[in-house]
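File shown: work.txt. Contents: compact mmCIF, C-alpha atoms.
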# COMPACT_ATOMS: atom_id res chain seq x y z
CA MET A 183 -5.89 -13.47 -12.55
CA ILE A 184 -4.90 -14.54 -9.05
CA LEU A 185 -3.87 -11.98 -6.44
CA ILE A 186 -1.77 -13.53 -3.69
CA GLY A 187 -1.44 -11.89 -0.28
CA GLN A 188 -3.50 -10.69 2.66
CA TYR A 189 -5.36 -7.38 2.56
CA ASP A 190 -3.84 -6.21 5.83
CA SER A 191 -0.75 -5.53 3.72
CA PRO A 192 -1.01 -2.04 2.17
CA PHE A 193 0.92 -3.32 -0.83
CA VAL A 194 -1.58 -6.11 -1.51
CA ARG A 195 -4.57 -3.96 -0.68
CA ARG A 196 -3.66 -1.18 -3.12
CA VAL A 197 -3.52 -3.76 -5.90
CA GLY A 198 -6.84 -5.31 -4.87
CA VAL A 199 -8.54 -1.91 -4.83
CA ALA A 200 -7.11 -1.05 -8.25
CA LEU A 201 -8.28 -4.36 -9.71
CA ARG A 202 -11.81 -3.72 -8.45
CA LEU A 203 -11.87 -0.12 -9.70
CA TYR A 204 -10.68 -1.28 -13.11
CA GLY A 205 -13.35 -3.97 -13.16
CA ILE A 206 -10.79 -6.72 -13.70
CA ALA A 207 -11.92 -10.13 -12.49
CA PHE A 208 -9.53 -11.92 -10.16
CA THR A 209 -9.32 -14.66 -7.57
CA HIS A 210 -7.87 -13.74 -4.19
CA GLU A 211 -5.57 -16.14 -2.33
CA PRO A 212 -5.04 -14.61 1.16
CA TRP A 213 -1.73 -16.34 1.78
CA SER A 214 0.68 -15.08 4.42
CA ALA A 215 4.33 -14.49 3.59
CA PHE A 216 5.07 -16.23 6.90
CA GLY A 217 2.55 -19.02 7.32
CA ASP A 218 2.15 -19.80 3.62
CA ALA A 219 5.69 -19.17 2.44
CA ASP A 220 5.98 -22.48 0.57
CA LYS A 221 2.82 -21.75 -1.41
CA ILE A 222 4.02 -18.28 -2.36
CA ARG A 223 7.54 -19.47 -3.21
CA ALA A 224 6.10 -21.64 -5.96
CA TYR A 225 5.13 -18.40 -7.75
CA ASN A 226 7.59 -15.86 -6.37
CA PRO A 227 11.10 -16.87 -5.21
CA LEU A 228 11.25 -13.71 -3.08
CA THR A 229 8.32 -15.10 -1.05
CA ARG A 230 6.78 -11.66 -0.97
CA VAL A 231 3.34 -10.23 -1.55
CA PRO A 232 1.63 -9.00 -3.59
CA THR A 233 2.16 -11.57 -6.29
CA LEU A 234 -0.17 -11.46 -9.30
CA VAL A 235 -0.58 -14.52 -11.51
CA LEU A 236 -1.87 -13.56 -14.94
CA ASP A 237 -4.33 -15.63 -16.92
CA ASN A 238 -1.49 -16.91 -19.15
CA GLY A 239 0.45 -18.12 -16.10
CA GLU A 240 2.99 -15.29 -16.11
CA VAL A 241 3.73 -13.87 -12.67
CA LEU A 242 4.14 -10.21 -11.73
CA ILE A 243 5.72 -9.10 -8.47
CA GLU A 244 6.00 -5.81 -6.53
CA SER A 245 2.97 -3.57 -6.27
CA HIS A 246 4.28 -0.73 -8.47
CA ALA A 247 5.14 -3.09 -11.33
CA ILE A 248 1.71 -4.71 -11.01
CA LEU A 249 -0.08 -1.35 -11.11
CA ASP A 250 1.97 -0.30 -14.13
CA TYR A 251 0.73 -3.41 -15.92
CA LEU A 252 -2.88 -2.81 -14.85
CA ASP A 253 -2.65 0.76 -16.15
CA SER A 254 -1.67 -0.64 -19.54
CA LEU A 255 -5.02 -2.45 -19.64
CA ALA A 256 -7.06 0.68 -18.88
CA PRO A 257 -8.95 2.43 -21.70
CA GLY A 258 -7.32 5.58 -23.01
CA GLY A 259 -7.15 8.37 -20.47
CA LEU A 260 -8.41 6.23 -17.57
CA ALA A 261 -5.11 4.95 -16.18
CA MET A 262 -4.82 5.79 -12.48
CA PHE A 263 -1.30 7.12 -12.83
CA PRO A 264 -1.49 10.40 -14.76
CA ILE A 265 -0.08 10.32 -18.27
CA ALA A 266 0.73 14.01 -18.70
CA GLU A 267 3.59 15.77 -16.93
CA PRO A 268 4.16 17.19 -14.38
CA ALA A 269 1.31 15.28 -12.74
CA ARG A 270 2.82 11.93 -13.72
CA HIS A 271 6.16 12.29 -11.95
CA GLN A 272 4.46 13.99 -9.01
CA ALA A 273 2.05 11.08 -8.61
CA LEU A 274 4.90 8.59 -8.89
CA LYS A 275 6.72 10.47 -6.12
CA VAL A 276 3.69 10.47 -3.81
CA SER A 277 3.19 6.76 -4.42
CA ALA A 278 6.89 6.04 -3.83
CA LEU A 279 6.79 7.97 -0.56
CA ALA A 280 3.66 6.09 0.50
CA MET A 281 5.17 2.69 -0.24
CA GLY A 282 8.44 3.69 1.41
CA LEU A 283 6.36 4.70 4.40
CA GLY A 284 4.82 1.25 4.37
CA ASP A 285 8.25 -0.36 4.24
CA LYS A 286 9.40 1.60 7.29
CA ALA A 287 6.22 0.72 9.19
CA VAL A 288 6.73 -2.97 8.42
CA SER A 289 10.38 -2.74 9.43
CA LEU A 290 9.44 -1.07 12.70
CA PHE A 291 6.90 -3.78 13.44
CA TYR A 292 9.39 -6.57 12.74
CA GLU A 293 12.03 -4.90 14.90
CA ARG A 294 9.68 -4.74 17.85
CA ARG A 295 7.96 -8.09 17.32
CA LEU A 296 10.59 -10.49 16.00
CA HIS A 297 13.80 -9.44 17.73
CA LYS A 298 14.61 -10.42 21.30
CA GLU A 299 16.81 -7.36 21.66
CA VAL A 300 15.20 -4.31 20.12
CA SER A 301 17.51 -1.66 18.65
CA THR A 302 16.42 1.68 20.04
CA VAL A 303 18.50 3.39 17.35
CA TRP A 304 16.66 1.55 14.57
CA VAL A 305 13.25 2.13 16.19
CA GLU A 306 13.89 5.85 16.47
CA ARG A 307 15.18 5.99 12.88
CA CYS A 308 12.01 4.32 11.60
CA ARG A 309 9.78 6.57 13.69
CA THR A 310 11.57 9.67 12.39
CA GLN A 311 11.31 8.51 8.77
CA ILE A 312 7.60 7.79 9.20
CA THR A 313 6.77 11.19 10.69
CA ASP A 314 9.01 13.06 8.21
CA VAL A 315 7.35 11.39 5.22
CA LEU A 316 3.88 12.06 6.61
CA ALA A 317 4.76 15.73 7.05
CA VAL A 318 5.82 15.95 3.40
CA LEU A 319 2.70 14.16 2.19
CA GLU A 320 0.46 16.33 4.39
CA ALA A 321 1.97 19.54 3.01
CA ASP A 322 1.60 18.30 -0.55
CA ARG A 323 -2.04 17.24 -0.15
CA ALA A 324 -3.00 20.35 1.82
CA GLY A 325 -1.64 22.46 -1.03
CA ARG A 326 -4.09 20.95 -3.55
CA ASP A 327 -7.78 21.84 -3.79
CA SER A 328 -8.85 18.98 -6.06
CA ASP A 329 -11.20 16.21 -4.90
CA TYR A 330 -8.38 13.70 -5.27
CA TRP A 331 -4.63 14.15 -5.22
CA PHE A 332 -4.30 14.74 -8.97
CA GLY A 333 -7.72 15.78 -10.14
CA ASP A 334 -11.34 14.73 -9.99
CA ARG A 335 -10.72 10.96 -10.27
CA ILE A 336 -9.19 8.62 -7.73
CA GLY A 337 -5.65 7.54 -8.52
CA HIS A 338 -2.95 5.20 -7.29
CA ALA A 339 -1.49 7.97 -5.13
CA ASP A 340 -4.75 8.36 -3.20
CA ILE A 341 -5.16 4.60 -2.82
CA GLY A 342 -1.58 4.01 -1.71
CA VAL A 343 -1.56 6.70 0.97
CA ALA A 344 -4.92 5.59 2.38
CA CYS A 345 -3.85 1.93 2.52
CA VAL A 346 -0.59 2.77 4.27
CA LEU A 347 -2.30 4.98 6.84
CA ARG A 348 -4.72 2.16 7.65
CA PHE A 349 -1.80 -0.24 8.10
CA ILE A 350 0.19 2.10 10.35
CA ASN A 351 -2.78 2.87 12.56
CA ASP A 352 -3.66 -0.83 12.83
CA ALA A 353 -0.15 -2.22 13.33
CA HIS A 354 1.18 0.66 15.46
CA GLN A 355 -1.75 1.85 17.51
CA GLY A 356 -0.95 5.13 19.18
CA LEU A 357 2.09 5.87 17.01
CA LEU A 358 0.32 8.59 15.04
CA ASN A 359 -1.99 11.39 16.06
CA MET A 360 -3.93 12.00 12.87
CA VAL A 361 -4.93 15.42 14.17
CA ASP A 362 -1.43 16.42 13.10
CA PHE A 363 -2.22 15.41 9.51
CA PRO A 364 -5.72 16.78 8.83
CA ALA A 365 -5.60 16.66 5.03
CA LEU A 366 -4.40 13.06 5.00
CA ALA A 367 -6.90 12.08 7.70
CA ALA A 368 -9.80 13.58 5.76
CA ASP A 369 -8.78 11.80 2.56
CA ALA A 370 -8.32 8.48 4.34
CA ALA A 371 -11.70 8.69 6.06
CA ARG A 372 -13.47 9.49 2.79
CA LEU A 373 -11.78 6.67 0.90
CA GLU A 374 -12.25 4.10 3.67
CA ALA A 375 -15.98 4.82 3.50
CA MET A 376 -16.09 3.81 -0.16
CA PRO A 377 -17.57 0.35 -0.86
CA VAL A 378 -14.42 -0.85 -2.62
CA PHE A 379 -12.26 -0.02 0.39
CA GLN A 380 -14.69 -1.73 2.72
CA GLU A 381 -14.70 -4.83 0.52
CA ILE A 382 -10.92 -4.96 -0.03
CA SER A 383 -10.11 -4.85 3.66
CA GLN A 384 -8.86 -7.02 6.47
CA GLU A 385 -8.16 -6.61 10.15
CA PHE A 386 -4.42 -6.61 10.85
CA ILE A 387 -3.09 -10.07 11.65
CA PRO A 388 0.39 -10.03 13.22
CA PRO A 389 2.75 -12.65 11.73
CA ALA A 390 3.09 -15.71 13.93
Would it be possible to restate this file's structure as structure tokens?
Amino acid sequence: MILIGQYDSPFVRRVGVALRLYGIAFTHEPWSAFGDADKIRAYNPLTRVPTLVLDNGEVLIESHAILDYLDSLAPGGLAMFPIAEPARHQALKVSALAMGLGDKAVSLFYERRLHKEVSTVWVERCRTQITDVLAVLEADRAGRDSDYWFGDRIGHADIGVACVLRFINDAHQGLLNMVDFPALAADAARLEAMPVFQEISQEFIPPA
């Protein structure tokens, strides 16, 4: 398999971490959606990352769809999205909130970095959405006493939230005070200390 995209993207990084945890061999092409758009377009007409090229040449796009496929390869009971309800739909919701959080953080960065005239209305909307989502995620995680979000094994929800928090704190330094989100901060620190998170990692590189 070939994973396309840079690890400073939380969307790419969550896939890279999952691949490693599943023990699936892959080649990493750290192409930028900006600087390497032509290369990516040859595989994905949306010119977005992550893009995963399977061994048979088929191409998967969007991180959730990719993780759904990877879960299908996991031995019985070891998929990182829960199978049984209500944990399954709850984990899907946490992951959706995390990825939506990532989308808003990216949008906020582009608004500030790529536009000559910055919309204060849009900036404030993004900031509000980011803090509101974090408050919901904090309350959810603080209300659980398990080692990970949905039990004693790491899952896609844990990975996604940790990757997004890293991105926000790298791309928007000073935006968040993690003291306000102690449960999320503790989880993120513990996961970032894991060898797989240290390996599948990259310093944030602003698009040129």
Would you mind reading off the distance between atom CA of Ala344 of chain A and atom CA of Asp327 of chain A, one decimal, in Å?
-> 17.6 Å
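Nearest to Ser245 of chain A of all the residues A:Thr233, A:Gln355, A:Thr310, A:Asn226 is A:Thr233, based on all atoms listed in the file.
Minimum atom-to-atom distances from A:His354, A:Ser191, A:Arg270, A:His297 to Arg309 of chain A were compared using all atoms listed in the file, and the lowest value belongs to A:His354.
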Would you list the residues near (-6.7, -0.2, -11.0), meaning any protein, DNA or RNA residue with an atom at most 10 Å from that point in file coordinates, counting all atoms listed in the file, as an MDAnalysis selection string?
-> chainID A and resid 196:206 248:256 260:263 336:338 341
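Taking atom CA of Ala368 of chain A and atom CA of Val288 of chain A as endpoints, the distance between them is 23.5 Å.
Between Ala353 of chain A and the residues A:Tyr292, A:Tyr189, A:Phe332, A:Phe386, the shortest atom-to-atom distance, using only C-alpha atoms, involves A:Phe386.
Those residues that approach Cys308 of chain A to within 10 Å, counting all atoms listed in the file, are Leu283, Asp285, Lys286, Ala287, Val288, Ser289, Leu290, Phe291, Glu293, Thr302 and Asp314 of chain A; same-chain residues fewer than 6 positions away are not listed.
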Residues from the last selection, C-alpha atoms, saved as an mmCIF file, in the frame of the given file:
data_model
loop_
_atom_site.group_PDB
_atom_site.id
_atom_site.type_symbol
_atom_site.label_atom_id
_atom_site.label_comp_id
_atom_site.auth_asym_id
_atom_site.auth_seq_id
_atom_site.Cartn_x
_atom_site.Cartn_y
_atom_site.Cartn_z
ATOM 1 C CA LEU A 283 6.360 4.700 4.400
ATOM 2 C CA ASP A 285 8.250 -0.360 4.240
ATOM 3 C CA LYS A 286 9.400 1.600 7.290
ATOM 4 C CA ALA A 287 6.220 0.720 9.190
ATOM 5 C CA VAL A 288 6.730 -2.970 8.420
ATOM 6 C CA SER A 289 10.380 -2.740 9.430
ATOM 7 C CA LEU A 290 9.440 -1.070 12.700
ATOM 8 C CA PHE A 291 6.900 -3.780 13.440
ATOM 9 C CA GLU A 293 12.030 -4.900 14.900
ATOM 10 C CA THR A 302 16.420 1.680 20.040
ATOM 11 C CA ASP A 314 9.010 13.060 8.210
#
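The smallest atom-to-atom distance between Ala207 of chain A and any of A:Glu306, A:Glu267, A:Asp237, A:Asp190, using all atoms listed in the file, is found for A:Asp237.
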Which residue of A:Arg195, A:Met183, A:Ala317, A:Gly258 approaches Leu242 of chain A most closely, using all atoms listed in the file = A:Met183
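Separating atom CA of Pro264 of chain A from atom CA of Val343 of chain A is a distance of 16.2 Å.
Distances to Leu279 of chain A were evaluated for A:Val318, A:Ala215, A:Ile350, A:Ile243 using all atoms listed in the file, and the minimum falls at A:Val318.
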